[in-house]
Structure formats: C-alpha cells, structure tokens
Amino acid sequence: MKKSLLLSALMMFGSISICATPQENIHISQSVQTADQYRMFELLEAICQQPRSSNLEENQEVIQLFTDKFQSFGYETHIETFDVYKQNMDSYFFGDFFDFNPYNENALYTSGNLIAYKPAAVDTEKTLILSAHYDTTTLVNGVIDNGSGVITVMEIAQLLQNYELPFNIEFILFGAEEYYLTGSRVHIYQRSYEDRENIIGVINIDMVGDVYSDEITIATPDGTNTRWSIFLQDNGLDLTNNTEGSSDQYPFIHQGIEAVLITDNKYNSEWFFEENPLDILDMELIANLVDKLVQMISTMDISNINNETHFRDINPNAIRLNRHIIPTIDNPISGYRFVDAKQQLLEDGTKSEVFLNFENDNGDKYTITFIYGKTVESTSKDYEEQLLLNYETTEINENSFTYTSYQHVESMTVKIYGLTSQMEQFTNELNINFN
C-alpha cells in the first residue's frame, strides 16, 4: 500500500528469512460467524512463507493457488499480463500517469492481475469491483501488506458464490502495486470507455486487521466523504470514514470512477522492514469486516447511488486524525470553543467541504470551511528538490487563504466566516503551522 512511495522505494531490494509462528498465538475467536477465521488463517499461512513477487515467473505457485480457489467457487478466471518498466518518483508524480515506459527501456519483468468473474443473475453490464494486491516488497512476507487484503477478498468471494445478485462482480488481485500501482494503472487504462461507464464502484482492501489498529475504516483520497463512501455506509457498511490513503483504488479515482480503500486507521510501520509474524492480525476483526461486506454487497440497492448530496455530521476525532487539517479544532481563537463539524458532499461527488463551527459565551460564532485539492504542477521536475520544500501559502486575503504542499502534491483552500479580524491576525492566533 502506498502510505509512502519513498518507503516503498526503500523496500525494493533485500531478503528475509521467515520464522513459523505457533498457531496458538493467533488472534482467532471461537464465536460462530459467517466468515471462517480458520480458513482465512490457513490461506494466510500458505501465502506468507516468503515475499510474494509481482514477477509472474517467480510467483507461479501462489497465483495458481488463488486461481484454483476462485475456480473452485465456480468463477471464471483469467490473468491480465503486463510488462513492468523502470519508473521513479519523478515519472510517477510529474509525468504522464499512463506512460508505463517513461524512459523507453526494456521491461524489467512481466507481472499480472488475476481476475475472477461472478456474473449477475440478471442481464446487465453493471459491475462491482472488489480488489486487493497480492505482491509484497522484497523485504517482507506481507502478512499485513497485503496478505490481510487477499484473504479478505478470497473469503468474500467464497461466501458470495451462491448469491444471485443484480450486478456482476469482478474480484481482482492486482500485481505490482508496490511498484507505483502499475497493475491497477494498466488495468484501468486497458478497459474500454463502455466498461468504465458500467463500473458501479470499487472497494479496494489493503492492510486490515493489524492488532495495533483501533479500527478498520473507509479511506478516501483526502479523508472526507465521497458519494461512494456515503452510499456504502447508507447500504449497511458499518465503518467510519476518517482516513486517507492511496492504493490500487487511486487509478480508478483518477479516471472518475467511484472507489474507496478499506484499511486500518493506523498501522505498525515496523512491518514494512522486517518479517511479519502471523499473529499480528486479529482474525476476528477481519472476519467481522468480511461479514459486513458480504451483508452489504448481498443487499445493496445500486439504483440510488447518485442521490447522496446531504450534510453529514462527522466525529471530531476524524478531524484530528486527518493530517492535512491546518486550522485545528484544538486551538480555536481565544474565547471561542469548538461546537461541531459537518461535511457537505460536493456536486461532483468526489469529496466533501468540511465545516468547523466555533462559538463564544456571547453567542458570537465563526465557521472555518475548507476543501482539499490536488495538483501535479510544479516549478521543478526534480522531486527530490520538492521534498525539501515546506508548505507554501499561495494566496491570502481577508477571509480565505490557499496553501500548497509540494511534499504531498496537494493544496487546500480555507475560508473563514463570521470574523472581522484580518487573516494575518487569524493565522497568528490559531498558530497555524505550514510544516
């Protein structure tokens, strides 16, 4: 998962030795559930004995294992092969997003996406995509990243095999996620316009069930609600949306397709650099996630997917968790206190405007609103130089300012209503930090 592409770059080379973990240490609940925790653990144990390469020649046994399982559920399968070429931060962030050979060199290796197809019970082209990436970096055996996502998708596929649904499902195990999302970028690039138009949405699962996590959440590009995240929650997916993250759902979002990431709200970064013992996963937590997704998928009504436009109250803890929010609710202007937070879905459904409301004892109020943005423009093509830059204020006036973070290739516009003080005074009192 791309919590940090720099982190992934550090992991491209190396090897590890894997130690077996006693099964009695595994977090498995004995309570009766639809999802089979032991079945999921057995698959996890089978695929996490060593790093999983995205090179098909080096990973044939694991790919065949996944293929055999999907076919045993009655699904048609095929492998979408593609060549992987040299890329780096500069080409990924500042080049053509769909230029898979930016340096015009020979292929490094051939990878592949494994796709299993569950047809609808009715005549329709509408398709839900449920995905996870199977590859790891060369440093780790990938229990959390992303054996956890793979066993979740496989268990859902098994439990849904006998359901008659009014839409198709594609279960996709992506290759080369750990190399600049190559597998998912190639996949969406190769889909026809008609195919893209028929995608209901994407649910991508990456890094779930870490025992160090507080909860499994819905993640969007900026941590705010989207039309798709609201739709999933309204159709019974009992997960909060307070996390941001980038994984194989992002190329779909890039092309205007509804997509979310299901992931832990926090993780232990040590597992990116050393072997992953199997007991770092809470199997009951993953089983609960499987049950929630199966229940939602089996009952969701896709006819009202475009009807999500209303305000949503949001948990203040979600505000604190989001690392981008500069006007923090913990530091209001002197004499004011935080009242509540709301989100309003934007008309295009891709994100929400956030409203933070404050009040003093005299009943005076002010509201901070902000909308995140994205930019790939830069004054320099050298990404290493960009990493040395801090946040830069790009626009400031009486009641709003826009700042840009070159480090994260993002921007945010903030507006303040209900105050007569100048913006400079406001930023000083709020102790806004652009680092």
# chains A, B, ... in the order shown; residues from 1 in each chain; ligands from 1
>>> residues_around(residues="range 294-300 of chain A", least_positions_apart="4", cutoff="6 Å", atoms="only C-alpha atoms", output="VMD selection string")
chain A and resid 235 to 237
>>> write_last_selection(atoms="all heavy atoms", output="PDB file, in the first residue's frame")
ATOM      1  N   ASN A 235     -25.862   1.837   2.764  1.00  0.00           N
ATOM      2  CA  ASN A 235     -26.306   0.483   2.418  1.00  0.00           C
ATOM      3  C   ASN A 235     -25.809  -0.564   3.404  1.00  0.00           C
ATOM      4  O   ASN A 235     -25.802  -1.753   3.098  1.00  0.00           O
ATOM      5  CB  ASN A 235     -25.875   0.132   1.001  1.00  0.00           C
ATOM      6  CG  ASN A 235     -26.818   0.686  -0.057  1.00  0.00           C
ATOM      7  OD1 ASN A 235     -27.741   0.010  -0.510  1.00  0.00           O
ATOM      8  ND2 ASN A 235     -26.606   1.940  -0.424  1.00  0.00           N
ATOM      9  N   GLY A 236     -25.378  -0.118   4.576  1.00  0.00           N
ATOM     10  CA  GLY A 236     -25.123  -1.053   5.661  1.00  0.00           C
ATOM     11  C   GLY A 236     -23.678  -1.327   5.997  1.00  0.00           C
ATOM     12  O   GLY A 236     -23.410  -2.152   6.885  1.00  0.00           O
ATOM     13  N   LEU A 237     -22.718  -0.663   5.319  1.00  0.00           N
ATOM     14  CA  LEU A 237     -21.320  -0.899   5.660  1.00  0.00           C
ATOM     15  C   LEU A 237     -20.980  -0.064   6.895  1.00  0.00           C
ATOM     16  O   LEU A 237     -20.737   1.141   6.806  1.00  0.00           O
ATOM     17  CB  LEU A 237     -20.406  -0.536   4.490  1.00  0.00           C
ATOM     18  CG  LEU A 237     -18.920  -0.863   4.701  1.00  0.00           C
ATOM     19  CD1 LEU A 237     -18.721  -2.339   5.019  1.00  0.00           C
ATOM     20  CD2 LEU A 237     -18.098  -0.472   3.485  1.00  0.00           C
TER      21      LEU A 237
END
>>> select_by_dssp(residues="range 36-223 of chain A", states="strand (DSSP E)", output="NGL selection string")
:A and (76-84 or 109-118 or 127-133 or 168-174 or 199-205 or 216-220)
>>> closest_residue(among="A:Ile144, A:Asp195, A:Leu160, A:Asp282", to="Val211 in chain A", atoms="only C-alpha atoms")
A:Asp282
>>> closest_residue(among="A:Ile200, A:Ile314, A:Val339, A:Ile188", to="Asn360 in chain A", atoms="only C-alpha atoms")
A:Val339
>>> atom_distance(atom1="CA of Glu177 in chain A", atom2="CA of Asp264 in chain A")
17.8 Å
>>> residues_around(residues="range 340-342 of chain A", least_positions_apart="4", cutoff="6 Å", atoms="only C-alpha atoms", output="VMD selection string")
chain A and resid 312 to 314 354 to 357
>>> closest_residue(among="A:Gln233, A:Leu65, A:Arg191, A:Phe272", to="Pro51 in chain A", atoms="only C-alpha atoms")
A:Phe272
>>> residues_around(residues="Asp361 in chain A", least_positions_apart="5", cutoff="9 Å", atoms="only C-alpha atoms", output="PyMOL selection string")
chain A and resi 335-337
>>> residues_around(residues="Ser352 in chain A", least_positions_apart="3", cutoff="9 Å", atoms="only C-alpha atoms", output="PyMOL selection string")
chain A and resi 224-227+343-347+349+370-372
>>> atom_distance(atom1="CA of Gly201 in chain A", atom2="CA of Phe98 in chain A")
20.7 Å
